[in-house]
Structure formats: C-alpha cells, structure tokens
>>> print(open('target-v8.txt').read())   # compact mmCIF, C-alpha atoms
# COMPACT_ATOMS: atom_id res chain seq x y z
CA PRO A 16 2.68 -8.85 -17.63
CA ASP A 17 5.72 -11.05 -18.40
CA GLN A 18 7.48 -8.44 -20.56
CA THR A 19 9.64 -5.78 -18.95
CA THR A 20 9.43 -2.21 -20.23
CA ARG A 21 12.74 -1.20 -18.65
CA PRO A 22 15.26 -3.91 -19.53
CA ILE A 23 18.37 -1.87 -18.65
CA ASP A 24 17.31 -1.01 -15.08
CA ARG A 25 19.74 -2.47 -12.57
CA ILE A 26 20.62 -2.32 -8.87
CA TRP A 27 24.10 -3.34 -7.65
CA VAL A 28 24.71 -3.79 -3.92
CA LYS A 29 28.00 -4.52 -2.14
CA ARG A 30 28.16 -4.90 1.64
CA TYR A 31 31.03 -5.70 4.03
CA VAL A 32 30.39 -5.90 7.78
CA PRO A 33 33.06 -7.47 10.03
CA ASN A 34 32.14 -7.72 13.70
CA ILE A 35 33.59 -8.96 16.96
CA THR A 36 31.96 -10.18 20.19
CA LEU A 37 33.64 -10.62 23.56
CA GLU A 38 32.04 -12.31 26.57
CA HIS A 39 33.41 -12.33 30.09
CA ASN A 40 31.99 -13.94 33.21
CA VAL A 41 32.79 -11.51 36.01
CA SER A 42 31.28 -14.00 38.46
CA GLU A 43 28.83 -16.88 38.46
CA ASP A 44 26.01 -14.33 38.47
CA THR A 45 27.38 -11.57 36.21
CA LEU A 46 28.10 -11.68 32.47
CA VAL A 47 29.54 -8.84 30.37
CA VAL A 48 29.05 -8.90 26.59
CA ALA A 49 30.78 -6.38 24.31
CA LYS A 50 30.18 -6.16 20.57
CA GLY A 51 31.78 -3.99 17.94
CA TRP A 52 31.17 -3.71 14.22
CA ALA A 53 32.04 -1.56 11.25
CA GLY A 54 31.14 -1.76 7.62
CA TYR A 55 30.64 -0.36 4.18
CA GLN A 56 27.74 -0.66 1.76
CA ASP A 57 27.56 0.59 -1.81
CA ARG A 58 24.18 0.80 -3.55
CA PHE A 59 24.35 1.80 -7.21
CA SER A 60 21.28 1.88 -9.48
CA ARG A 61 20.60 2.62 -13.14
CA ARG A 62 17.04 3.56 -14.10
CA GLN A 63 15.39 5.01 -17.16
CA ASP A 64 12.40 7.33 -16.91
CA GLY A 65 8.96 6.28 -18.14
CA ALA A 66 9.24 8.15 -21.44
CA GLY A 67 12.70 6.79 -22.23
CA THR A 68 14.22 10.26 -22.50
CA ARG A 69 16.91 9.86 -19.83
CA THR A 70 18.77 7.40 -17.64
CA ASP A 71 19.61 8.22 -14.01
CA LEU A 72 22.60 6.77 -12.16
CA ASP A 73 22.19 6.90 -8.37
CA ARG A 74 24.87 5.98 -5.87
CA GLN A 75 24.38 5.78 -2.09
CA GLU A 76 27.33 4.78 0.06
CA PHE A 77 27.19 3.92 3.75
CA TYR A 78 30.19 3.98 6.09
CA PHE A 79 29.21 2.92 9.60
CA ALA A 80 30.56 1.69 12.92
CA GLY A 81 29.03 0.85 16.26
CA ALA A 82 29.53 -0.69 19.67
CA ASP A 83 27.25 -2.37 22.19
CA LEU A 84 28.09 -3.14 25.82
CA ARG A 85 25.68 -4.82 28.21
CA VAL A 86 25.85 -6.44 31.62
CA ARG A 87 23.53 -9.20 32.80
CA HIS A 88 23.34 -9.87 36.53
CA PHE A 89 21.32 -12.64 38.14
CA TRP A 90 20.10 -11.96 41.67
CA ASN A 91 17.86 -13.63 44.22
CA ALA A 92 15.05 -12.16 46.30
CA TRP A 93 11.70 -13.35 47.67
CA GLU A 94 12.87 -16.94 47.10
CA GLU A 95 13.04 -16.37 43.34
CA ASP A 96 15.82 -15.74 40.80
CA HIS A 97 15.67 -12.49 38.83
CA ALA A 98 17.80 -11.00 36.03
CA LEU A 99 18.91 -7.40 35.47
CA THR A 100 20.28 -6.30 32.08
CA ALA A 101 21.70 -2.84 31.42
CA GLY A 102 24.03 -1.23 28.92
CA PHE A 103 24.48 1.17 26.04
CA THR A 104 24.65 1.20 22.25
CA ALA A 105 26.51 3.76 20.13
CA TYR A 106 26.44 4.07 16.36
CA GLY A 107 27.70 6.47 13.71
CA ALA A 108 27.16 6.59 9.95
CA SER A 109 28.21 8.72 7.01
CA SER A 110 26.25 8.29 3.79
CA PRO A 111 27.21 10.34 0.71
CA ARG A 112 24.73 10.27 -2.17
CA ASP A 113 25.02 11.50 -5.75
CA ARG A 114 23.19 11.26 -9.06
CA GLU A 115 24.46 11.42 -12.64
CA ARG A 116 22.31 11.51 -15.78
CA ASN A 117 22.53 10.58 -19.45
CA ALA A 118 20.17 11.50 -22.28
CA GLY A 119 18.12 8.67 -23.77
CA VAL A 120 18.28 5.00 -22.77
CA THR A 121 21.85 3.79 -22.30
CA THR A 122 23.77 1.15 -20.35
CA ALA A 123 26.53 3.62 -19.43
CA THR A 124 27.49 3.81 -15.75
CA GLU A 125 28.78 7.40 -15.84
CA GLY A 126 27.07 10.65 -16.77
CA ALA A 127 26.67 14.35 -16.02
CA GLN A 128 26.35 15.24 -12.33
CA GLN A 129 22.90 16.27 -11.11
CA PHE A 130 23.41 16.50 -7.35
CA ASP A 131 25.79 15.53 -4.56
CA LEU A 132 25.08 15.55 -0.82
CA ASP A 133 26.48 14.33 2.49
CA ARG A 134 24.32 12.62 5.13
CA HIS A 135 25.35 11.87 8.69
CA THR A 136 23.82 10.11 11.70
CA LEU A 137 24.98 9.82 15.31
CA TYR A 138 22.96 7.54 17.59
CA GLY A 139 23.21 6.37 21.17
CA ALA A 140 21.00 4.56 23.67
CA LEU A 141 21.09 3.77 27.37
CA PHE A 142 18.84 0.91 28.46
CA ALA A 143 17.92 -1.24 31.43
CA GLU A 144 15.40 -3.98 32.08
CA ASN A 145 14.73 -6.40 34.89
CA LYS A 146 13.03 -9.78 34.72
CA PHE A 147 11.11 -10.40 37.94
CA GLN A 148 10.16 -14.05 38.34
CA TYR A 149 7.19 -15.04 40.52
CA GLN A 150 6.66 -18.79 40.21
CA ARG A 151 5.35 -19.23 36.64
CA LEU A 152 4.89 -15.52 35.95
CA ALA A 153 7.67 -13.29 34.65
CA ILE A 154 7.26 -9.49 34.66
CA VAL A 155 9.78 -7.45 32.65
CA PRO A 156 9.72 -3.63 32.94
CA ALA A 157 12.21 -1.77 30.73
CA VAL A 158 13.38 1.79 30.12
CA ARG A 159 15.45 3.23 27.29
CA PHE A 160 16.84 6.67 26.48
CA GLU A 161 17.69 7.23 22.84
CA PHE A 162 19.82 10.05 21.43
CA ILE A 163 19.87 10.78 17.72
CA GLU A 164 21.41 13.51 15.60
CA MET A 165 21.09 13.73 11.82
CA GLN A 166 22.35 16.16 9.19
CA VAL A 167 21.91 16.41 5.44
CA GLU A 168 24.04 18.90 3.50
CA GLU A 169 23.89 19.52 -0.24
CA ASN A 170 27.25 20.10 -1.92
CA ALA A 171 25.87 20.51 -5.44
CA ASN A 172 22.41 20.43 -7.02
CA LEU A 173 21.93 21.51 -10.62
CA GLY A 174 19.61 24.53 -10.84
CA LYS A 175 18.59 24.51 -7.16
CA THR A 176 19.50 26.45 -4.03
CA LEU A 177 21.74 24.36 -1.77
CA ARG A 178 20.25 23.40 1.58
CA THR A 179 21.34 22.02 4.95
CA GLU A 180 18.94 20.51 7.50
CA ASP A 181 19.60 19.16 11.01
CA PHE A 182 17.56 16.99 13.35
CA SER A 183 18.34 16.02 16.95
CA ARG A 184 16.25 14.46 19.69
CA VAL A 185 16.48 12.78 23.09
CA VAL A 186 13.61 10.29 23.41
CA PRO A 187 12.69 8.41 26.61
CA LEU A 188 10.92 5.09 26.02
CA GLY A 189 9.27 2.51 28.25
CA ALA A 190 8.04 -1.06 27.91
CA LEU A 191 6.39 -3.79 29.95
CA GLY A 192 6.43 -7.50 29.15
CA LEU A 193 4.61 -10.45 30.73
CA ASP A 194 5.24 -14.17 30.27
CA TYR A 195 3.29 -17.00 31.92
CA ASP A 196 4.65 -20.56 31.82
CA LEU A 197 1.90 -23.02 30.88
CA GLY A 198 4.15 -26.04 31.36
CA GLY A 199 5.52 -28.42 28.78
CA GLN A 200 7.79 -25.69 27.35
CA ASN A 201 4.78 -23.56 26.36
CA SER A 202 4.00 -20.02 27.47
CA VAL A 203 1.61 -17.16 26.83
CA TYR A 204 3.07 -13.67 26.61
CA ALA A 205 2.03 -10.05 26.23
CA ASN A 206 3.85 -6.76 25.94
CA ILE A 207 3.31 -3.07 25.41
CA SER A 208 6.11 -0.77 24.33
CA GLN A 209 6.77 2.76 23.17
CA GLY A 210 8.68 3.55 20.02
CA TYR A 211 9.40 6.39 17.66
CA ARG A 212 10.26 6.90 14.04
CA PRO A 213 12.78 9.66 13.25
CA PRO A 214 12.64 11.38 9.85
CA LYS A 215 14.41 9.79 6.92
CA TYR A 216 17.19 11.59 5.10
CA ASP A 217 14.76 12.55 2.33
CA ASP A 218 12.41 14.01 4.94
CA LEU A 219 15.17 16.47 5.77
CA VAL A 220 16.46 17.26 2.27
CA ASN A 221 15.05 15.69 -0.88
CA PRO A 222 17.51 16.63 -3.66
CA THR A 223 14.93 16.04 -6.40
CA ARG A 224 12.48 18.59 -4.96
CA GLY A 225 12.43 22.11 -3.61
CA PRO A 226 12.10 23.04 0.09
CA VAL A 227 11.19 19.94 2.06
CA SER A 228 9.11 21.42 4.84
CA GLN A 229 7.73 24.57 6.34
CA GLY A 230 9.17 25.51 9.71
CA GLY A 231 12.05 23.03 9.66
CA ALA A 232 12.22 19.25 9.68
CA PRO A 233 9.19 17.22 10.81
CA ASP A 234 9.12 15.76 14.31
CA GLU A 235 9.59 12.09 15.12
CA GLY A 236 6.52 9.89 14.90
CA GLU A 237 5.24 8.40 18.17
CA VAL A 238 4.50 4.67 18.18
CA LEU A 239 2.71 2.37 20.64
CA ASN A 240 3.08 -1.40 20.14
CA TYR A 241 0.75 -4.01 21.66
CA GLU A 242 1.18 -7.78 21.34
CA ILE A 243 -0.23 -10.96 22.86
CA GLY A 244 0.76 -14.45 21.83
CA LEU A 245 1.49 -18.10 22.49
CA ARG A 246 4.84 -19.81 21.90
CA GLY A 247 6.65 -22.96 22.81
CA THR A 248 8.85 -25.94 22.09
CA PRO A 249 6.59 -28.81 23.17
CA THR A 250 8.91 -31.42 21.62
CA PRO A 251 12.59 -31.33 20.58
CA TRP A 252 11.53 -31.26 16.92
CA LEU A 253 8.82 -28.56 16.99
CA GLN A 254 8.91 -24.82 17.69
CA TYR A 255 6.01 -22.42 17.23
CA ASP A 256 5.05 -18.80 17.92
CA SER A 257 1.72 -17.13 17.17
CA SER A 258 0.65 -13.63 18.15
CA LEU A 259 -1.80 -10.80 17.54
CA PHE A 260 -0.36 -7.29 17.33
CA LEU A 261 -1.50 -3.69 17.10
CA VAL A 262 0.71 -0.75 16.15
CA ASP A 263 -0.61 2.79 16.69
CA TRP A 264 1.56 5.32 14.83
CA ASP A 265 0.82 8.98 15.54
CA GLY A 266 2.64 11.69 13.59
CA VAL A 267 3.11 9.96 10.26
CA VAL A 268 5.10 12.24 7.97
CA GLU A 269 2.80 13.54 5.23
CA THR A 270 4.15 14.78 1.90
CA SER A 271 2.28 17.39 -0.15
CA VAL A 272 3.61 18.57 -3.52
CA VAL A 273 3.06 22.28 -4.21
CA GLY A 274 4.40 23.09 -7.65
CA PRO A 275 8.10 22.19 -7.70
CA ASP A 276 8.29 22.04 -3.90
CA GLU A 277 7.41 19.57 -1.17
CA ILE A 278 5.87 20.27 2.21
CA ARG A 279 6.42 17.52 4.79
CA THR A 280 4.64 17.67 8.13
CA ASN A 281 3.46 15.30 10.90
CA SER A 282 -0.18 15.20 9.95
CA GLY A 283 -1.43 11.63 10.01
CA ARG A 284 -2.21 8.70 12.29
CA ALA A 285 -2.11 5.08 11.16
CA ARG A 286 -3.20 1.78 12.68
CA TYR A 287 -1.62 -1.59 11.87
CA LEU A 288 -3.55 -4.65 13.09
CA GLY A 289 -2.30 -8.12 12.34
CA TRP A 290 -1.62 -11.75 13.13
CA GLU A 291 1.73 -13.48 12.79
CA THR A 292 2.43 -17.17 13.21
CA ALA A 293 5.58 -19.22 12.71
CA ALA A 294 6.52 -22.87 13.02
CA GLU A 295 9.67 -24.95 12.50
CA VAL A 296 9.82 -28.75 12.29
CA ASP A 297 13.15 -30.59 12.61
CA VAL A 298 12.54 -33.56 10.32
CA VAL A 299 15.66 -35.54 11.30
CA THR A 300 15.03 -35.17 15.04
CA LEU A 301 11.41 -36.26 14.49
CA MET A 302 12.62 -39.40 12.68
CA ASP A 303 15.13 -40.06 15.47
CA GLU A 304 12.32 -39.90 18.02
CA LEU A 305 10.10 -42.24 16.02
CA ARG A 306 12.87 -44.75 15.22
CA ASP A 307 15.06 -44.37 18.31
CA THR A 308 18.13 -43.32 16.29
CA ASP A 309 20.71 -40.52 16.57
CA HIS A 310 21.01 -39.32 12.96
CA ALA A 311 20.62 -35.66 13.97
CA GLU A 312 23.77 -35.80 16.08
CA ARG A 313 25.76 -37.73 13.47
CA PHE A 314 24.60 -36.16 10.19
CA GLY A 315 23.00 -32.87 11.20
CA ARG A 316 19.51 -31.43 11.49
CA PHE A 317 17.20 -30.60 8.60
CA SER A 318 14.32 -28.25 9.43
CA LEU A 319 11.34 -26.98 7.47
CA PHE A 320 9.94 -23.63 8.55
CA ALA A 321 7.14 -21.23 7.63
CA ASN A 322 6.09 -17.78 8.80
CA LEU A 323 2.80 -16.12 7.86
CA SER A 324 1.89 -12.51 8.60
CA LEU A 325 -1.57 -11.06 7.91
CA LEU A 326 -2.00 -7.29 8.14
CA ASP A 327 -4.84 -4.79 8.06
CA ALA A 328 -3.46 -1.23 7.92
CA GLU A 329 -5.34 2.05 7.62
CA PHE A 330 -4.95 5.76 8.22
CA THR A 331 -7.38 6.74 10.98
CA SER A 332 -6.90 10.53 10.83
CA GLY A 333 -5.23 13.21 8.77
CA PRO A 334 -5.44 14.05 5.06
CA ARG A 335 -5.12 10.36 4.13
CA ASP A 336 -7.90 9.19 6.48
CA GLY A 337 -9.25 5.87 5.18
CA ASN A 338 -6.30 5.18 2.88
CA THR A 339 -3.94 2.23 3.22
CA PRO A 340 -0.38 3.16 4.31
CA SER A 341 2.36 2.53 1.79
CA TYR A 342 4.38 -0.69 1.92
CA ALA A 343 1.74 -2.50 4.01
CA PRO A 344 0.86 -5.73 2.11
CA ASP A 345 -2.10 -7.79 3.29
CA TYR A 346 0.13 -10.84 3.70
CA LEU A 347 3.76 -11.90 3.88
CA LEU A 348 4.67 -15.58 3.64
CA LYS A 349 8.17 -16.84 4.34
CA GLY A 350 9.25 -20.45 4.15
CA GLY A 351 12.12 -22.76 3.39
CA PHE A 352 14.60 -25.14 4.99
CA ILE A 353 17.65 -24.96 7.25
CA TYR A 354 20.45 -27.52 7.55
CA ARG A 355 22.59 -27.40 10.72
CA LEU A 356 25.62 -29.56 11.52
CA GLN A 357 26.56 -29.51 15.22
CA ASP A 358 26.50 -25.69 15.45
CA ARG A 359 29.48 -25.60 13.06
CA LEU A 360 27.80 -25.30 9.69
CA LYS A 361 24.47 -23.93 8.53
CA PHE A 362 22.79 -23.67 5.11
CA ALA A 363 19.41 -22.03 4.58
CA LEU A 364 17.14 -21.50 1.60
CA THR A 365 14.37 -18.98 2.21
CA GLY A 366 11.50 -17.93 -0.02
CA LEU A 367 9.53 -14.72 0.60
CA TRP A 368 6.13 -14.13 -1.01
CA VAL A 369 4.80 -10.56 -0.74
CA ASP A 370 1.28 -9.44 -1.65
CA GLU A 371 0.76 -6.38 -3.83
CA HIS A 372 0.75 -3.09 -1.93
CA PHE A 373 0.62 0.65 -2.42
CA TRP A 374 3.91 2.50 -2.90
CA GLN A 375 2.62 5.85 -1.60
CA ASP A 376 0.19 6.88 1.13
CA GLY A 377 -2.04 8.67 -1.39
CA ASN A 378 -2.80 5.27 -3.00
CA GLY A 379 -2.63 6.88 -6.45
CA ALA A 380 -0.52 6.14 -9.52
CA GLY A 381 1.56 9.29 -9.22
CA SER A 382 4.41 9.85 -11.65
CA VAL A 383 5.21 6.14 -12.09
CA GLY A 384 1.90 5.30 -13.75
CA THR A 385 0.76 2.55 -11.37
CA ALA A 386 -0.76 2.69 -7.89
CA THR A 387 0.63 -0.58 -6.53
CA ILE A 388 3.75 -2.68 -6.44
CA PRO A 389 2.72 -6.09 -7.85
CA SER A 390 3.11 -9.20 -5.72
CA TYR A 391 6.58 -10.73 -5.94
CA THR A 392 8.79 -13.55 -4.68
CA VAL A 393 12.38 -13.41 -3.41
CA TRP A 394 14.68 -16.41 -2.87
CA ASP A 395 17.67 -16.19 -0.54
CA LEU A 396 20.43 -18.79 -0.13
CA THR A 397 22.79 -18.32 2.82
CA ALA A 398 25.66 -20.25 4.40
CA GLU A 399 27.41 -19.86 7.74
CA ALA A 400 30.47 -21.71 9.03
CA ARG A 401 32.60 -21.49 12.16
CA VAL A 402 36.17 -21.71 10.87
CA PHE A 403 38.14 -21.19 14.10
CA ARG A 404 36.75 -22.55 17.36
CA ASP A 405 33.77 -20.44 18.42
CA ASN A 406 35.52 -17.15 17.65
CA VAL A 407 35.53 -16.75 13.86
CA THR A 408 32.45 -17.27 11.67
CA VAL A 409 32.21 -16.81 7.91
CA VAL A 410 28.83 -15.84 6.44
CA ALA A 411 27.88 -15.89 2.76
>>> encode(input="target-v8.txt", output="structure tokens")
Amino acid sequence: PDQTTRPIDRIWVKRYVPNITLEHNVSEDTLVVAKGWAGYQDRFSRRQDGAGTRTDLDRQEFYFAGADLRVRHFWNAWEEDHALTAGFTAYGASSPRDRERNAGVTTATEGAQQFDLDRHTLYGALFAENKFQYQRLAIVPAVRFEFIEMQVEENANLGKTLRTEDFSRVVPLGALGLDYDLGGQNSVYANISQGYRPPKYDDLVNPTRGPVSQGGAPDEGEVLNYEIGLRGTPTPWLQYDSSLFLVDWDGVVETSVVGPDEIRTNSGRARYLGWETAAEVDVVTLMDELRDTDHAERFGRFSLFANLSLLDAEFTSGPRDGNTPSYAPDYLLKGGFIYRLQDRLKFALTGLWVDEHFWQDGNGAGSVGTATIPSYTVWDLTAEARVFRDNVTVVA
C-alpha cells in the first residue's frame, strides 16, 4: 500500500485571479457593492495507463471573467428594521482542452495529438431577498433567476466523428430562511432552498467516447436543500455552528456504456443526509479573558478550529437504486490553526482528512481496477496580507 505503481503521474496547476471590490454608501440606509474579477487557470496532467503501454498528456485551460453588483437597503416598518438585498451576477468562461499521447511510459511533456476541443459557458443571475425582523425572529424569503448557456465543440478527434453540443436554460429558484435569536449571541436557524445542477462539459461531449446521449444533452438536475441548526458566539473566544441537512437530488445524470459509445440521461434520484459541526477557539483571547491582559490586540490572535461532516448518501430510485453516489465519503474532517494580526496579516494551516469513497455511481472497479478512492489527507498553508490600506490584499 505504500508503493506507487505509477511514479511518473503528475498534475501541474497554475492559477491567477486578480479581483477588485468597490463599496459606496449612497445614504445611511443604502450600500452598493460592486465586484469584478478575471483569471486564468492551467491544469496539465501526465498519466500512464494501467498496462504501461501509453502515457497521456491532458491540458485544460480556463479563461474567465465576471462581475457582481448588489444593493443593500435598510428600511423600517411595523416598528422593526428590515433589510432588502438585490442585484445581479454575470460570468463568462472559455476552456480549451486537448490531449497528446506517447507510447510506453515516459516523462515527456509533448506527444501526438489525440483530440482538441473548445468549451464555453455564459452565466447570469438576478436575485433578491428581504430579511423581515419580528422581535427575535428573522424571516428571509429569496428569489433567483439563473441563465446559463454552454457549448462544447470538437476541433479534432483522432478516428472519431467531430461533434458539437449546446445547452441553455433559464431556471427560477426560491428559498426561505428562518433565524430565531436565543440570546447570548446564540441562534437556531432553518432553511429550505431550490437548486439545480447543469450538465458538465463531459456530459455534453466526452472526447474519449462516442455519442454522449440519445436525444441531445441531458436536462439539469433538480435539487431541494433542507437544513436546521444551532450557531453562536457565546464568548469572544468561541464560535460554533452545528446543523443537520438533507439534499434531495432528482435527475442525476446516469452514464451507460454501450460498446464504444456512452448514453447519458437523467435517470436517477439520490438522497444525501448528514450532520456538520464546526468550532473555533481563539486561544490568545481566552488567555486574555482569564488573565485580564490584552495580548490579542498587541501580538495577534491564534485560533484552533475543526469541522466535521458525517454523510449518508444513497440512490433512492433509478438503475443505481441502493448504490452509494460517487464522491460521497462517510466523513470529512478539517482542522488546523489561524493566526491573525489586527486584520492586516493572516496565516492558516489546514488539514483535510477524507474517508474512502466510490469514484463512480456503479460502485464497481471499472477500467481502473479499484472500486474506491482510498482515504487521504491534504495539507494547505495559506497567507494573506493587506499591503495598501484596505484596498490591496496579497494572497499566497
């Protein structure tokens, strides 16, 4: 188990995402926030096949840009203060993908072209929500209209007929949230919301297979989310949040392989039931409270945090009825520490422990020879610093 069978496999990722945020107080009661961002990501991988007869070189590039504008207005009625938020989000992406191949096992990063395709996404959303406050109870209804258009076009594919697939939808969504103040900076909350899951690029055109679907691209999956929980900051040094959730996903895209071809249709329904809890303890602030000192203000805050998610997921109808959905581990555990210095500097070390899980909905070994992805751990070290007033922040 400690010896790799594919020592030359690699993944290289580069990502650059500058962004800008502007805030303007139109009045004491109205705030306008505008955000813009653009970026580039390059994902390049080198993988050998199981038999060691070839090495594939895959490159996926992502060019993207977006903007978000929202207005928050505070208003008074029925002797209570309420808050209305409305705005829009727009986003566009272009993502070329290509594959090259070499015979045998080699560390080369160039080879003979296998396929080349262009992928595009245009997305927009109009949204509005209002927080109605009635003494300790807050009621938050929300509406959202999402617009999405996707296209995948093959420019070259060795030995296959070139294909082009399009997908476009306008999806209305609704949500309702409740929050009840228990006092002492603690509250109980609940929400129900609609969602959807559009097809992935490979659901439209998979360059490694034949025709992707019968009768065009599959529809979007319909999702209902339910959650109830308890959260709070009972002391300056402790934050917590714990909730139960249920996700009902109807219209899961099902893949069936028929000879060299794939048929992808909306044929399944899946249920995700789980519990998530998180806590963060500011050690320096706790010591200040116990010893009546001000070290947190002078030297910064040092926090320990943990987040645990337990999940029970299952297909409840369709050809995979009774199976466990792919990429649905029984537990996720995240923990680490964060150092903050007066909102100017932040360092964080985060560990993520993931339980083993199936890589495909069929729960079988498939072509890779194993049914599950073994449990694994990921460590992430990040730094963030404000280098010019509150306007310019550097993240690493």
>>> residues_around(input="target-v8.txt", residues="Gly51 (chain A)", least_positions_apart="6", cutoff="7 Å", atoms="only C-alpha atoms", output="MDAnalysis selection string")
chainID A and resid 34:36 81:83
>>> residues_around(input="target-v8.txt", residues="region 354-369 of chain A", least_positions_apart="4", cutoff="8 Å", atoms="all atoms listed in the file", output="JSON, numbers by chain")
{"A": [312, 314, 315, 316, 317, 318, 344, 346, 347, 348, 349, 350, 390, 391, 392, 393, 394, 395, 396, 397, 398, 399, 400, 401]}
>>> write_last_selection(input="target-v8.txt", atoms="C-alpha atoms", output="short mmCIF file (atom, residue, chain, number, x, y, z; two decimals), in the frame of the given file")
data_model
loop_
_atom_site.label_atom_id
_atom_site.label_comp_id
_atom_site.auth_asym_id
_atom_site.auth_seq_id
_atom_site.Cartn_x
_atom_site.Cartn_y
_atom_site.Cartn_z
CA GLU A 312 23.77 -35.80 16.08
CA PHE A 314 24.60 -36.16 10.19
CA GLY A 315 23.00 -32.87 11.20
CA ARG A 316 19.51 -31.43 11.49
CA PHE A 317 17.20 -30.60 8.60
CA SER A 318 14.32 -28.25 9.43
CA PRO A 344 0.86 -5.73 2.11
CA TYR A 346 0.13 -10.84 3.70
CA LEU A 347 3.76 -11.90 3.88
CA LEU A 348 4.67 -15.58 3.64
CA LYS A 349 8.17 -16.84 4.34
CA GLY A 350 9.25 -20.45 4.15
CA SER A 390 3.11 -9.20 -5.72
CA TYR A 391 6.58 -10.73 -5.94
CA THR A 392 8.79 -13.55 -4.68
CA VAL A 393 12.38 -13.41 -3.41
CA TRP A 394 14.68 -16.41 -2.87
CA ASP A 395 17.67 -16.19 -0.54
CA LEU A 396 20.43 -18.79 -0.13
CA THR A 397 22.79 -18.32 2.82
CA ALA A 398 25.66 -20.25 4.40
CA GLU A 399 27.41 -19.86 7.74
CA ALA A 400 30.47 -21.71 9.03
CA ARG A 401 32.60 -21.49 12.16
#
>>> closest_residue(input="target-v8.txt", among="A:Glu304, A:Arg134, A:Tyr149, A:Gly199", to="Val220 (chain A)", atoms="only C-alpha atoms")
A:Arg134
>>> residues_around(input="target-v8.txt", residues="Thr223 (chain A)", least_positions_apart="2", cutoff="9 Å", atoms="only C-alpha atoms", output="ChimeraX atom specification")
/A:130,172,220-221,225
>>> closest_residue(input="target-v8.txt", among="A:Asn240, A:Ser202, A:Gln254, A:Gln166", to="Gly189 (chain A)", atoms="only C-alpha atoms")
A:Asn240
>>> atom_distance(input="target-v8.txt", atom1="CA of Arg58 (chain A)", atom2="CA of Pro222 (chain A)")
17.2 Å
>>> atom_distance(input="target-v8.txt", atom1="CA of Glu237 (chain A)", atom2="CA of Gln209 (chain A)")
7.7 Å
>>> residues_around(input="target-v8.txt", residues="Leu132 (chain A)", least_positions_apart="2", cutoff="8 Å", atoms="only C-alpha atoms", output="list in words")
Pro111, Arg112, Asp113, Phe130, Arg134, Val167, Glu168, Glu169, Asn170 and Ala171 of chain A
>>> residues_around(input="target-v8.txt", residues="Val185 (chain A)", least_positions_apart="3", cutoff="12 Å", atoms="all atoms listed in the file", output="ChimeraX atom specification")
/A:137-141,159-164,182,188,211,213,234-235
>>> closest_residue(input="target-v8.txt", among="A:Leu37, A:Val299, A:Ala153, A:Leu72", to="Trp52 (chain A)", atoms="all atoms listed in the file")
A:Leu37
>>> closest_residue(input="target-v8.txt", among="A:Tyr106, A:Tyr195, A:Tyr287, A:Trp374", to="Leu326 (chain A)", atoms="all atoms listed in the file")
A:Tyr287
>>> atom_distance(input="target-v8.txt", atom1="CA of Thr331 (chain A)", atom2="CA of Gly283 (chain A)")
7.8 Å
>>> decode(input="target-v8.txt", residues="region 24-62 of chain A", atoms="C-alpha atoms", output="PDB file, in the first residue's frame")
ATOM      1  CA  ASP A  24       1.985  10.545 -12.924  1.00  0.00           C
ATOM      2  CA  ARG A  25       1.841  14.278 -12.260  1.00  0.00           C
ATOM      3  CA  ILE A  26      -0.638  17.161 -12.107  1.00  0.00           C
ATOM      4  CA  TRP A  27       0.546  20.766 -12.534  1.00  0.00           C
ATOM      5  CA  VAL A  28      -1.844  23.620 -11.732  1.00  0.00           C
ATOM      6  CA  LYS A  29      -1.311  27.363 -12.219  1.00  0.00           C
ATOM      7  CA  ARG A  30      -3.984  29.884 -11.273  1.00  0.00           C
ATOM      8  CA  TYR A  31      -4.089  33.700 -11.406  1.00  0.00           C
ATOM      9  CA  VAL A  32      -7.209  35.568 -10.257  1.00  0.00           C
ATOM     10  CA  PRO A  33      -6.989  39.341  -9.664  1.00  0.00           C
ATOM     11  CA  ASN A  34     -10.167  40.955  -8.359  1.00  0.00           C
ATOM     12  CA  ILE A  35     -11.458  44.353  -7.313  1.00  0.00           C
ATOM     13  CA  THR A  36     -14.237  45.409  -4.929  1.00  0.00           C
ATOM     14  CA  LEU A  37     -15.828  48.846  -4.674  1.00  0.00           C
ATOM     15  CA  GLU A  38     -18.238  49.913  -1.923  1.00  0.00           C
ATOM     16  CA  HIS A  39     -20.273  53.095  -1.873  1.00  0.00           C
ATOM     17  CA  ASN A  40     -22.712  54.344   0.741  1.00  0.00           C
ATOM     18  CA  VAL A  41     -25.468  56.045  -1.226  1.00  0.00           C
ATOM     19  CA  SER A  42     -27.073  57.035   2.080  1.00  0.00           C
ATOM     20  CA  GLU A  43     -27.093  55.928   5.688  1.00  0.00           C
ATOM     21  CA  ASP A  44     -29.519  53.175   4.707  1.00  0.00           C
ATOM     22  CA  THR A  45     -28.240  52.123   1.271  1.00  0.00           C
ATOM     23  CA  LEU A  46     -24.967  50.411   0.361  1.00  0.00           C
ATOM     24  CA  VAL A  47     -23.811  49.486  -3.157  1.00  0.00           C
ATOM     25  CA  VAL A  48     -21.111  46.822  -3.578  1.00  0.00           C
ATOM     26  CA  ALA A  49     -19.547  46.085  -6.978  1.00  0.00           C
ATOM     27  CA  LYS A  50     -17.054  43.290  -7.590  1.00  0.00           C
ATOM     28  CA  GLY A  51     -15.127  42.337 -10.686  1.00  0.00           C
ATOM     29  CA  TRP A  52     -12.685  39.537 -11.342  1.00  0.00           C
ATOM     30  CA  ALA A  53     -10.847  37.827 -14.156  1.00  0.00           C
ATOM     31  CA  GLY A  54      -8.413  34.987 -14.258  1.00  0.00           C
ATOM     32  CA  TYR A  55      -6.587  32.158 -15.890  1.00  0.00           C
ATOM     33  CA  GLN A  56      -6.017  28.574 -14.772  1.00  0.00           C
ATOM     34  CA  ASP A  57      -3.868  25.941 -16.447  1.00  0.00           C
ATOM     35  CA  ARG A  58      -4.272  22.292 -15.442  1.00  0.00           C
ATOM     36  CA  PHE A  59      -1.781  19.927 -17.069  1.00  0.00           C
ATOM     37  CA  SER A  60      -1.564  16.219 -16.196  1.00  0.00           C
ATOM     38  CA  ARG A  61       0.617  13.287 -17.209  1.00  0.00           C
ATOM     39  CA  ARG A  62      -0.775   9.787 -16.629  1.00  0.00           C
TER      40      ARG A  62
END
